[in-house]
file protein.cif (mmCIF, C-alpha atoms and all ligand atoms)
data_model
loop_
_atom_site.label_atom_id
_atom_site.label_comp_id
_atom_site.auth_asym_id
_atom_site.auth_seq_id
_atom_site.Cartn_x
_atom_site.Cartn_y
_atom_site.Cartn_z
CA MET E 1 130.08 150.52 187.96
CA ILE E 2 131.07 147.05 186.86
CA ILE E 3 133.64 145.29 189.03
CA ALA E 4 134.74 142.01 187.50
CA ALA E 5 137.16 139.41 188.87
CA ASN E 6 139.08 137.25 186.44
CA PHE E 7 140.42 134.30 188.44
CA LYS E 8 142.42 133.05 185.41
CA THR E 9 144.11 129.76 186.43
CA ASN E 10 143.64 130.34 190.15
CA HIS E 11 141.30 129.03 192.84
CA THR E 12 139.86 125.56 193.19
CA ARG E 13 136.26 124.47 193.32
CA LYS E 14 136.44 124.56 197.13
CA SER E 15 138.09 127.97 197.42
CA THR E 16 135.78 129.50 194.79
CA LYS E 17 132.80 128.31 196.78
CA GLU E 18 134.18 129.92 199.95
CA PHE E 19 135.04 133.12 198.04
CA ILE E 20 131.53 133.44 196.63
CA LYS E 21 129.93 132.76 199.99
CA GLU E 22 132.00 135.50 201.66
CA LEU E 23 131.45 137.88 198.78
CA ASP E 24 127.71 137.30 198.80
CA TYR E 25 127.63 138.08 202.54
CA PHE E 26 129.69 141.24 202.01
CA LEU E 27 127.51 142.52 199.16
CA ARG E 28 124.33 142.02 201.16
CA LEU E 29 125.77 143.55 204.31
CA HIS E 30 126.88 146.69 202.50
CA ASP E 31 123.94 146.90 200.14
CA ILE E 32 126.20 147.13 197.09
CA ASP E 33 124.54 148.02 193.84
CA ASP E 34 127.63 147.81 191.64
CA THR E 35 127.54 144.93 189.17
CA VAL E 36 129.97 142.31 190.40
CA VAL E 37 130.97 139.50 188.05
CA ILE E 38 133.23 136.55 188.83
CA PHE E 39 135.05 134.55 186.18
CA PRO E 40 136.13 131.37 188.00
CA PRO E 41 138.06 128.52 186.41
CA ASN E 42 135.75 126.07 184.59
CA THR E 43 136.23 123.36 187.21
CA ALA E 44 134.66 125.61 189.84
CA TYR E 45 131.31 126.20 188.12
CA ASP E 46 128.45 125.32 190.38
CA ASN E 47 124.89 126.36 191.11
CA PHE E 48 125.90 128.74 193.89
CA ASP E 49 123.26 130.04 196.24
CA THR E 50 123.79 133.68 195.24
CA ASP E 51 122.72 136.37 192.78
CA ILE E 52 126.36 137.18 191.95
CA LYS E 53 126.88 136.92 188.22
CA LEU E 54 129.22 134.16 187.05
CA GLY E 55 130.98 134.33 183.72
CA ALA E 56 133.10 132.07 181.55
CA GLN E 57 136.74 132.97 180.94
CA ASN E 58 136.53 131.16 177.62
CA ALA E 59 134.45 128.66 175.67
CA TYR E 60 134.42 127.20 172.19
CA HIS E 61 131.89 128.43 169.65
CA VAL E 62 129.79 125.27 169.58
CA GLU E 63 126.87 123.86 171.47
CA LYS E 64 128.74 120.56 171.97
CA GLY E 65 130.93 118.25 169.92
CA SER E 66 134.45 116.85 169.56
CA PHE E 67 136.79 119.62 170.68
CA THR E 68 139.06 118.02 173.24
CA GLY E 69 139.74 120.21 176.20
CA GLU E 70 137.11 122.79 175.33
CA ILE E 71 133.68 123.49 176.74
CA GLY E 72 130.69 124.74 174.77
CA LEU E 73 127.24 126.17 175.21
CA GLU E 74 125.77 123.02 176.73
CA GLN E 75 128.28 123.04 179.58
CA LEU E 76 127.68 126.76 180.26
CA ASN E 77 123.91 126.37 180.13
CA GLU E 78 124.07 123.77 182.88
CA PHE E 79 125.19 126.51 185.27
CA GLY E 80 123.09 129.31 183.82
CA ILE E 81 126.23 131.14 182.61
CA LYS E 82 125.30 133.89 180.16
CA THR E 83 128.40 136.11 180.38
CA ILE E 84 131.72 135.43 178.67
CA LEU E 85 135.16 136.98 178.21
CA ILE E 86 136.29 136.99 174.58
CA GLY E 87 139.62 138.17 173.21
CA HIS E 88 141.57 138.26 176.47
CA SER E 89 145.22 139.02 175.77
CA GLU E 90 146.37 135.81 177.41
CA ARG E 91 144.24 133.87 174.95
CA ARG E 92 145.46 135.99 172.05
CA HIS E 93 149.16 135.96 172.94
CA ILE E 94 149.77 132.81 175.00
CA LEU E 95 147.12 130.47 173.59
CA GLY E 96 147.49 131.81 170.05
CA GLU E 97 143.88 132.84 169.34
CA THR E 98 143.64 134.71 166.08
CA GLN E 99 141.24 137.55 165.33
CA GLU E 100 139.42 135.11 163.03
CA LEU E 101 138.79 132.62 165.83
CA ILE E 102 137.88 135.40 168.25
CA SER E 103 135.34 136.83 165.83
CA LYS E 104 133.78 133.36 165.38
CA LYS E 105 133.40 133.09 169.14
CA PHE E 106 131.92 136.57 169.24
CA LYS E 107 129.37 135.73 166.53
CA PHE E 108 128.36 132.47 168.20
CA PHE E 109 127.97 133.82 171.71
CA SER E 110 126.25 137.02 170.60
CA LYS E 111 123.81 134.96 168.55
CA ASN E 112 123.11 133.04 171.74
CA GLY E 113 122.39 136.24 173.65
CA PHE E 114 125.47 136.24 175.90
CA GLU E 115 126.75 139.35 177.59
CA ILE E 116 130.25 139.64 176.12
CA ILE E 117 133.17 141.34 177.81
CA TYR E 118 135.34 141.85 174.77
CA CYS E 119 139.00 142.44 175.62
CA ILE E 120 141.44 144.52 173.63
CA GLY E 121 144.90 145.85 174.40
CA GLU E 122 148.21 146.76 172.87
CA PRO E 123 151.66 145.33 173.63
CA LYS E 124 154.46 147.51 175.01
CA GLU E 125 156.22 148.15 171.70
CA ILE E 126 153.02 149.59 170.25
CA ARG E 127 152.37 151.83 173.27
CA GLU E 128 155.91 153.16 172.88
CA GLN E 129 155.04 154.34 169.37
CA GLY E 130 152.37 156.68 170.70
CA ILE E 131 148.60 156.96 170.81
CA GLU E 132 147.99 156.83 167.05
CA ALA E 133 149.75 153.47 166.78
CA VAL E 134 147.86 152.26 169.86
CA MET E 135 144.47 153.17 168.38
CA GLU E 136 145.32 151.65 165.02
CA TYR E 137 146.24 148.42 166.82
CA LEU E 138 143.11 148.47 168.98
CA TRP E 139 140.71 149.14 166.08
CA LYS E 140 142.15 146.09 164.27
CA GLN E 141 141.05 144.03 167.26
CA PHE E 142 137.48 144.97 166.33
CA ASP E 143 137.74 143.33 162.89
CA ASN E 144 134.54 141.33 162.33
CA ILE E 145 133.20 142.28 165.74
CA ASP E 146 129.76 143.88 165.97
CA ILE E 147 130.48 146.96 168.09
CA ASN E 148 126.75 147.70 168.19
CA TYR E 149 125.87 144.39 169.87
CA ASP E 150 123.55 145.40 172.68
CA ARG E 151 125.10 143.09 175.31
CA LEU E 152 128.66 144.22 174.61
CA ILE E 153 131.09 145.51 177.23
CA VAL E 154 134.60 146.43 176.12
CA ALA E 155 137.60 145.92 178.41
CA TYR E 156 140.70 147.90 177.53
CA GLU E 157 143.62 145.96 178.99
CA PRO E 158 147.08 147.03 177.85
CA VAL E 159 149.12 143.83 177.58
CA TRP E 160 152.14 145.43 179.27
CA ALA E 161 150.04 146.28 182.33
CA ILE E 162 148.61 142.80 182.89
CA GLY E 163 150.06 140.90 185.82
CA THR E 164 153.13 143.14 185.79
CA GLY E 165 152.27 145.58 188.56
CA LEU E 166 152.60 148.35 185.93
CA THR E 167 149.36 150.27 185.58
CA ALA E 168 148.75 152.56 182.66
CA THR E 169 148.73 156.17 183.86
CA VAL E 170 145.42 157.94 184.37
CA THR E 171 146.28 160.14 181.38
CA GLN E 172 146.94 157.12 179.16
CA ILE E 173 143.72 155.38 180.23
CA ASP E 174 141.69 158.57 179.90
CA GLU E 175 142.99 159.33 176.42
CA THR E 176 142.50 155.77 175.18
CA LEU E 177 138.98 155.40 176.60
CA ASN E 178 137.96 158.79 175.17
CA LEU E 179 139.09 157.70 171.71
CA LEU E 180 137.29 154.36 172.05
CA ARG E 181 134.17 156.23 173.19
CA ASP E 182 134.10 158.12 169.87
CA ARG E 183 132.95 154.92 168.17
CA ILE E 184 131.80 152.60 170.94
CA LYS E 185 128.60 153.11 172.91
CA ALA E 186 129.08 150.04 175.12
CA PRO E 187 130.36 150.31 178.69
CA LEU E 188 134.16 150.57 178.82
CA LEU E 189 136.24 148.82 181.48
CA TYR E 190 139.92 149.15 182.27
CA GLY E 191 142.07 146.18 183.27
CA GLY E 192 145.77 145.81 184.06
CA SER E 193 147.20 145.77 187.60
CA VAL E 194 144.10 147.34 189.12
CA LYS E 195 144.41 147.13 192.92
CA VAL E 196 143.21 148.72 196.15
CA ALA E 197 145.82 151.46 195.83
CA ASN E 198 144.77 152.67 192.37
CA ILE E 199 141.13 151.68 191.81
CA LYS E 200 139.79 155.05 193.00
CA GLU E 201 141.73 157.11 190.47
CA ILE E 202 140.87 154.65 187.70
CA LEU E 203 137.14 154.60 188.44
CA THR E 204 137.00 158.39 188.41
CA ILE E 205 138.21 158.54 184.79
CA ARG E 206 135.37 160.04 182.74
CA ASN E 207 134.72 157.20 180.29
CA CYS E 208 135.62 154.36 182.64
CA ASN E 209 132.54 152.33 183.53
CA GLY E 210 134.31 149.73 185.63
CA VAL E 211 137.29 147.45 186.01
CA LEU E 212 138.35 143.92 185.12
CA VAL E 213 140.68 142.77 187.88
CA GLY E 214 143.07 139.81 187.86
CA THR E 215 145.66 139.37 190.63
CA ALA E 216 144.11 141.76 193.16
CA SER E 217 140.74 140.02 192.91
CA TRP E 218 141.98 136.59 193.93
CA GLU E 219 142.04 137.42 197.60
CA ILE E 220 138.59 138.10 199.06
CA LYS E 221 139.68 140.94 201.36
CA SER E 222 141.36 142.89 198.61
CA PHE E 223 138.42 142.35 196.23
CA CYS E 224 135.91 143.51 198.87
CA ASP E 225 138.09 146.54 199.67
CA MET E 226 138.00 147.54 196.00
CA ILE E 227 134.21 147.20 195.95
CA SER E 228 133.99 149.36 199.09
CA ILE E 229 136.09 152.06 197.42
CA SER E 230 133.85 151.97 194.36
CA LYS E 231 130.82 152.48 196.58
CA THR E 232 132.23 155.75 197.90
CA LEU E 233 132.47 157.29 194.42
P1 LIG V 1 145.99 141.78 186.51
O1 LIG V 1 144.98 142.55 187.34
O2 LIG V 1 146.61 140.65 187.25
O3 LIG V 1 146.98 142.70 185.89
O4 LIG V 1 145.17 141.11 185.32
C1 LIG V 1 144.33 141.88 184.55
C2 LIG V 1 143.55 141.01 183.65
O5 LIG V 1 144.09 140.37 182.77
C3 LIG V 1 142.10 140.90 183.88
O6 LIG V 1 141.47 140.22 182.84
#

call {"tool": "encode", "arguments": {"input": "protein.cif", "output": "structure tokens"}}
result
Amino acid sequence: MIIAANFKTNHTRKSTKEFIKELDYFLRLHDIDDTVVIFPPNTAYDNFDTDIKLGAQNAYHVEKGSFTGEIGLEQLNEFGIKTILIGHSERRHILGETQELISKKFKFFSKNGFEIIYCIGEPKEIREQGIEAVMEYLWKQFDNIDINYDRLIVAYEPVWAIGTGLTATVTQIDETLNLLRDRIKAPLLYGGSVKVANIKEILTIRNCNGVLVGTASWEIKSFCDMISISKTL
């Protein structure tokens, strides 16, 4: 199983360091073999004394250059970061990233051998139209994306379930992941209000290979509790 924590715009350099230290201790103590990935804010990157995988929440598709406010490959290389989130709904809907920009990022970071957690998800009004509309919407989010890239992981995160406390039902997740599985060989994650109370039922869904957690991952105890539950499955 893959258990990933997206810190979004939370945690400082200091609190990330403490989080990773406690997490590292927990993983060693309990001999966890799940893949745990942390996506801290950029300001918290460091050469931590741990094997825990660190990823980038976002980066621009350049090695370096004049792109005010962005970071590129050079800045990620400094910290050995080789995993990146691309296409997160907050970047699509709040920061205005188009499919064209997203596909450029995908091309650049795949060419550079990154593991890519590629995020897709439909808004509420599409979900309300039924599964066919949902799948049509989701497949469009694969425009100009190489679904056969060997370091691809796909995260299905319905927009209406992110940060809202509303989780998609097991039936909705199961149906959507099954339909994605028809065309996609890569591991499939679910994200959207995953928490201690629901992670077990989500991880037991047939085509679910892990979770991408926001809010419930920001507190070390809750994140470790979710990892413990995963270990029992
Ligand atoms: P929440 O777990 O806060 O709903 O966020 C999910 C998410 O966006 C992970 O990338």

call {"tool": "closest_atom_pairs", "arguments": {"input": "protein.cif", "of": "chain E", "to": "ligand LIG 1 (chain V)", "cutoff": "9 Å", "atoms": "all atoms listed in the file", "output": "Markdown table"}}
result
| residue | atom | partner | partner_atom | distance |
| --- | --- | --- | --- | --- |
| E:Ala4 | CA | V:LIG1 | C3 | 8.3 |
| E:Ala5 | CA | V:LIG1 | C3 | 7.2 |
| E:Asn6 | CA | V:LIG1 | O6 | 5.2 |
| E:Phe7 | CA | V:LIG1 | C3 | 8.2 |
| E:Lys8 | CA | V:LIG1 | O6 | 7.7 |
| E:Gln57 | CA | V:LIG1 | O6 | 8.9 |
| E:Leu85 | CA | V:LIG1 | O6 | 8.5 |
| E:His88 | CA | V:LIG1 | O6 | 6.7 |
| E:Ser89 | CA | V:LIG1 | O5 | 7.2 |
| E:Glu90 | CA | V:LIG1 | O5 | 7.4 |
| E:Cys119 | CA | V:LIG1 | O6 | 7.9 |
| E:Ala155 | CA | V:LIG1 | O6 | 8.2 |
| E:Glu157 | CA | V:LIG1 | O5 | 6.8 |
| E:Pro158 | CA | V:LIG1 | O5 | 8.8 |
| E:Val159 | CA | V:LIG1 | O5 | 8.0 |
| E:Trp160 | CA | V:LIG1 | O3 | 8.8 |
| E:Ala161 | CA | V:LIG1 | O3 | 5.9 |
| E:Ile162 | CA | V:LIG1 | O3 | 3.4 |
| E:Gly163 | CA | V:LIG1 | O3 | 3.6 |
| E:Thr164 | CA | V:LIG1 | O3 | 6.2 |
| E:Gly165 | CA | V:LIG1 | O3 | 6.6 |
| E:Leu166 | CA | V:LIG1 | O3 | 8.0 |
| E:Thr167 | CA | V:LIG1 | O3 | 7.9 |
| E:Tyr190 | CA | V:LIG1 | C3 | 8.7 |
| E:Gly191 | CA | V:LIG1 | C1 | 5.0 |
| E:Gly192 | CA | V:LIG1 | O3 | 3.8 |
| E:Ser193 | CA | V:LIG1 | O3 | 3.5 |
| E:Val194 | CA | V:LIG1 | O1 | 5.2 |
| E:Lys195 | CA | V:LIG1 | O1 | 7.2 |
| E:Val211 | CA | V:LIG1 | C3 | 8.4 |
| E:Leu212 | CA | V:LIG1 | C3 | 5.0 |
| E:Val213 | CA | V:LIG1 | O1 | 4.3 |
| E:Gly214 | CA | V:LIG1 | O1 | 3.4 |
| E:Thr215 | CA | V:LIG1 | O2 | 3.7 |
| E:Ala216 | CA | V:LIG1 | O1 | 5.9 |
| E:Ser217 | CA | V:LIG1 | O1 | 7.4 |

call {"tool": "write_last_selection", "arguments": {"input": "protein.cif", "atoms": "C-alpha atoms", "output": "mmCIF file, keeping the file's coordinate frame"}}
result
data_model
loop_
_atom_site.group_PDB
_atom_site.id
_atom_site.type_symbol
_atom_site.label_atom_id
_atom_site.label_comp_id
_atom_site.auth_asym_id
_atom_site.auth_seq_id
_atom_site.Cartn_x
_atom_site.Cartn_y
_atom_site.Cartn_z
ATOM 1 C CA ALA E 4 134.740 142.010 187.500
ATOM 2 C CA ALA E 5 137.160 139.410 188.870
ATOM 3 C CA ASN E 6 139.080 137.250 186.440
ATOM 4 C CA PHE E 7 140.420 134.300 188.440
ATOM 5 C CA LYS E 8 142.420 133.050 185.410
ATOM 6 C CA GLN E 57 136.740 132.970 180.940
ATOM 7 C CA LEU E 85 135.160 136.980 178.210
ATOM 8 C CA HIS E 88 141.570 138.260 176.470
ATOM 9 C CA SER E 89 145.220 139.020 175.770
ATOM 10 C CA GLU E 90 146.370 135.810 177.410
ATOM 11 C CA CYS E 119 139.000 142.440 175.620
ATOM 12 C CA ALA E 155 137.600 145.920 178.410
ATOM 13 C CA GLU E 157 143.620 145.960 178.990
ATOM 14 C CA PRO E 158 147.080 147.030 177.850
ATOM 15 C CA VAL E 159 149.120 143.830 177.580
ATOM 16 C CA TRP E 160 152.140 145.430 179.270
ATOM 17 C CA ALA E 161 150.040 146.280 182.330
ATOM 18 C CA ILE E 162 148.610 142.800 182.890
ATOM 19 C CA GLY E 163 150.060 140.900 185.820
ATOM 20 C CA THR E 164 153.130 143.140 185.790
ATOM 21 C CA GLY E 165 152.270 145.580 188.560
ATOM 22 C CA LEU E 166 152.600 148.350 185.930
ATOM 23 C CA THR E 167 149.360 150.270 185.580
ATOM 24 C CA TYR E 190 139.920 149.150 182.270
ATOM 25 C CA GLY E 191 142.070 146.180 183.270
ATOM 26 C CA GLY E 192 145.770 145.810 184.060
ATOM 27 C CA SER E 193 147.200 145.770 187.600
ATOM 28 C CA VAL E 194 144.100 147.340 189.120
ATOM 29 C CA LYS E 195 144.410 147.130 192.920
ATOM 30 C CA VAL E 211 137.290 147.450 186.010
ATOM 31 C CA LEU E 212 138.350 143.920 185.120
ATOM 32 C CA VAL E 213 140.680 142.770 187.880
ATOM 33 C CA GLY E 214 143.070 139.810 187.860
ATOM 34 C CA THR E 215 145.660 139.370 190.630
ATOM 35 C CA ALA E 216 144.110 141.760 193.160
ATOM 36 C CA SER E 217 140.740 140.020 192.910
#

call {"tool": "atom_distance", "arguments": {"input": "protein.cif", "atom1": "atom CA of E:Pro40", "atom2": "atom CA of E:Thr68"}}
result
20.1 Å

call {"tool": "atom_distance", "arguments": {"input": "protein.cif", "atom1": "atom CA of E:Ala168", "atom2": "atom CA of E:Leu27"}}
result
28.7 Å

call {"tool": "atom_distance", "arguments": {"input": "protein.cif", "atom1": "atom CA of E:Tyr25", "atom2": "atom CA of E:Asn77"}}
result
25.6 Å

call {"tool": "residues_around", "arguments": {"input": "protein.cif", "residues": "E:Arg183", "least_positions_apart": "5", "cutoff": "10 Å", "atoms": "only C-alpha atoms", "output": "list in words"}}
result
Trp139, Ile147, Asn148 and Asn178 of chain E

call {"tool": "closest_residue", "arguments": {"input": "protein.cif", "among": "E:Ala59, E:Ile131, E:Ile3, E:Lys17", "to": "E:Asp34", "atoms": "all atoms listed in the file"}}
result
E:Ile3

call {"tool": "closest_residue", "arguments": {"input": "protein.cif", "among": "E:Ala197, E:Arg28, E:Leu101, E:Cys208", "to": "E:Phe223", "atoms": "all atoms listed in the file"}}
result
E:Ala197

call {"tool": "axis_aligned_box", "arguments": {"input": "protein.cif", "around": "stretch 16-19 of chain E", "padding_each_side": "3 Å", "output": "lines of an AutoDock Vina configuration file"}}
result
center_x = 134.3
center_y = 130.7
center_z = 197.4
size_x = 9.0
size_y = 10.8
size_z = 11.2

call {"tool": "residues_around", "arguments": {"input": "protein.cif", "residues": "E:Ser228", "least_positions_apart": "5", "cutoff": "12 Å", "atoms": "all atoms listed in the file", "output": "list in words"}}
result
Met1, Ile3, Leu23, Phe26, Leu27, Leu29, His30, Asp31, Ile32, Asp33, Asp34, Val36, Val196, Ile199, Lys200, Lys221, Ser222, Phe223 and Leu233 of chain E

call {"tool": "closest_residue", "arguments": {"input": "protein.cif", "among": "E:Val170, E:Val154, E:Ile120, E:Ile86", "to": "E:Leu138", "atoms": "all atoms listed in the file"}}
result
E:Ile120

call {"tool": "residues_near_point", "arguments": {"input": "protein.cif", "point": "(144.6, 141.9, 163.2)", "cutoff": "12 Å", "atoms": "only C-alpha atoms", "output": "VMD selection string"}}
result
chain E and resid 87 92 97 to 103 120 to 122 136 to 145

call {"tool": "residues_near_point", "arguments": {"input": "protein.cif", "point": "(146.5, 157.4, 185.1)", "cutoff": "7 Å", "atoms": "all atoms listed in the file", "output": "list in words"}}
result
Ala168, Thr169, Val170, Thr171, Gln172, Ile173 and Ile202 of chain E

call {"tool": "residues_around", "arguments": {"input": "protein.cif", "residues": "E:Ala186", "least_positions_apart": "3", "cutoff": "12 Å", "atoms": "all atoms listed in the file", "output": "PyMOL selection string"}}
result
chain E and resi 115-118+146-155+177+180-183+189+207-210

call {"tool": "closest_residue", "arguments": {"input": "protein.cif", "among": "E:Glu22, E:Ser15, E:Lys105, E:Ile38", "to": "E:Glu63", "atoms": "all atoms listed in the file"}}
result
E:Lys105

call {"tool": "residues_around", "arguments": {"input": "protein.cif", "residues": "E:Asp24", "least_positions_apart": "3", "cutoff": "8 Å", "atoms": "only C-alpha atoms", "output": "PyMOL selection string"}}
result
chain E and resi 20-21+27-28+50-52

call {"tool": "write_last_selection", "arguments": {"input": "protein.cif", "atoms": "C-alpha atoms", "output": "compact mmCIF listing (two decimals), in the coordinates of the input"}}
result
# COMPACT_ATOMS: atom_id res chain seq x y z
CA ILE E 20 131.53 133.44 196.63
CA LYS E 21 129.93 132.76 199.99
CA LEU E 27 127.51 142.52 199.16
CA ARG E 28 124.33 142.02 201.16
CA THR E 50 123.79 133.68 195.24
CA ASP E 51 122.72 136.37 192.78
CA ILE E 52 126.36 137.18 191.95

call {"tool": "closest_residue", "arguments": {"input": "protein.cif", "among": "E:Gly65, E:Thr232, E:Ile205, E:Trp218", "to": "E:Glu175", "atoms": "only C-alpha atoms"}}
result
E:Ile205

call {"tool": "closest_residue", "arguments": {"input": "protein.cif", "among": "E:Lys104, E:Glu78, E:Glu201, E:Tyr156", "to": "E:Pro123", "atoms": "only C-alpha atoms"}}
result
E:Tyr156

call {"tool": "residues_around", "arguments": {"input": "protein.cif", "residues": "E:Gly55", "least_positions_apart": "6", "cutoff": "7 Å", "atoms": "all atoms listed in the file", "output": "PyMOL selection string"}}
result
chain E and resi 37-39+81-84

call {"tool": "decode", "arguments": {"input": "protein.cif", "residues": "stretch 56-87 of chain E", "atoms": "C-alpha atoms", "output": "compact mmCIF listing (two decimals), in the first residue's frame"}}
result
# COMPACT_ATOMS: atom_id res chain seq x y z
CA ALA E 56 7.20 17.90 -4.33
CA GLN E 57 3.64 19.24 -4.29
CA ASN E 58 4.44 21.17 -7.44
CA ALA E 59 7.33 22.43 -9.56
CA TYR E 60 7.77 24.20 -12.87
CA HIS E 61 8.85 22.24 -15.93
CA VAL E 62 12.34 23.71 -16.16
CA GLU E 63 15.74 22.96 -14.76
CA LYS E 64 16.13 26.61 -13.67
CA GLY E 65 15.41 30.05 -15.08
CA SER E 66 13.27 33.17 -14.66
CA PHE E 67 9.94 31.97 -13.33
CA THR E 68 9.28 34.10 -10.27
CA GLY E 69 7.83 32.16 -7.40
CA GLU E 70 8.42 28.76 -8.95
CA ILE E 71 11.00 26.08 -8.28
CA GLY E 72 12.51 23.76 -10.87
CA LEU E 73 14.58 20.64 -11.21
CA GLU E 74 17.73 22.17 -9.76
CA GLN E 75 16.00 23.04 -6.50
CA LEU E 76 14.47 19.54 -6.22
CA ASN E 77 17.75 17.83 -7.04
CA GLU E 78 19.41 19.59 -4.13
CA PHE E 79 17.23 17.55 -1.77
CA GLY E 80 17.20 14.34 -3.81
CA ILE E 81 13.46 14.74 -4.52
CA LYS E 82 12.38 12.40 -7.31
CA THR E 83 8.62 12.22 -6.67
CA ILE E 84 6.09 14.88 -7.66
CA LEU E 85 2.35 15.54 -7.57
CA ILE E 86 1.00 16.76 -10.90
CA GLY E 87 -2.55 17.83 -11.69
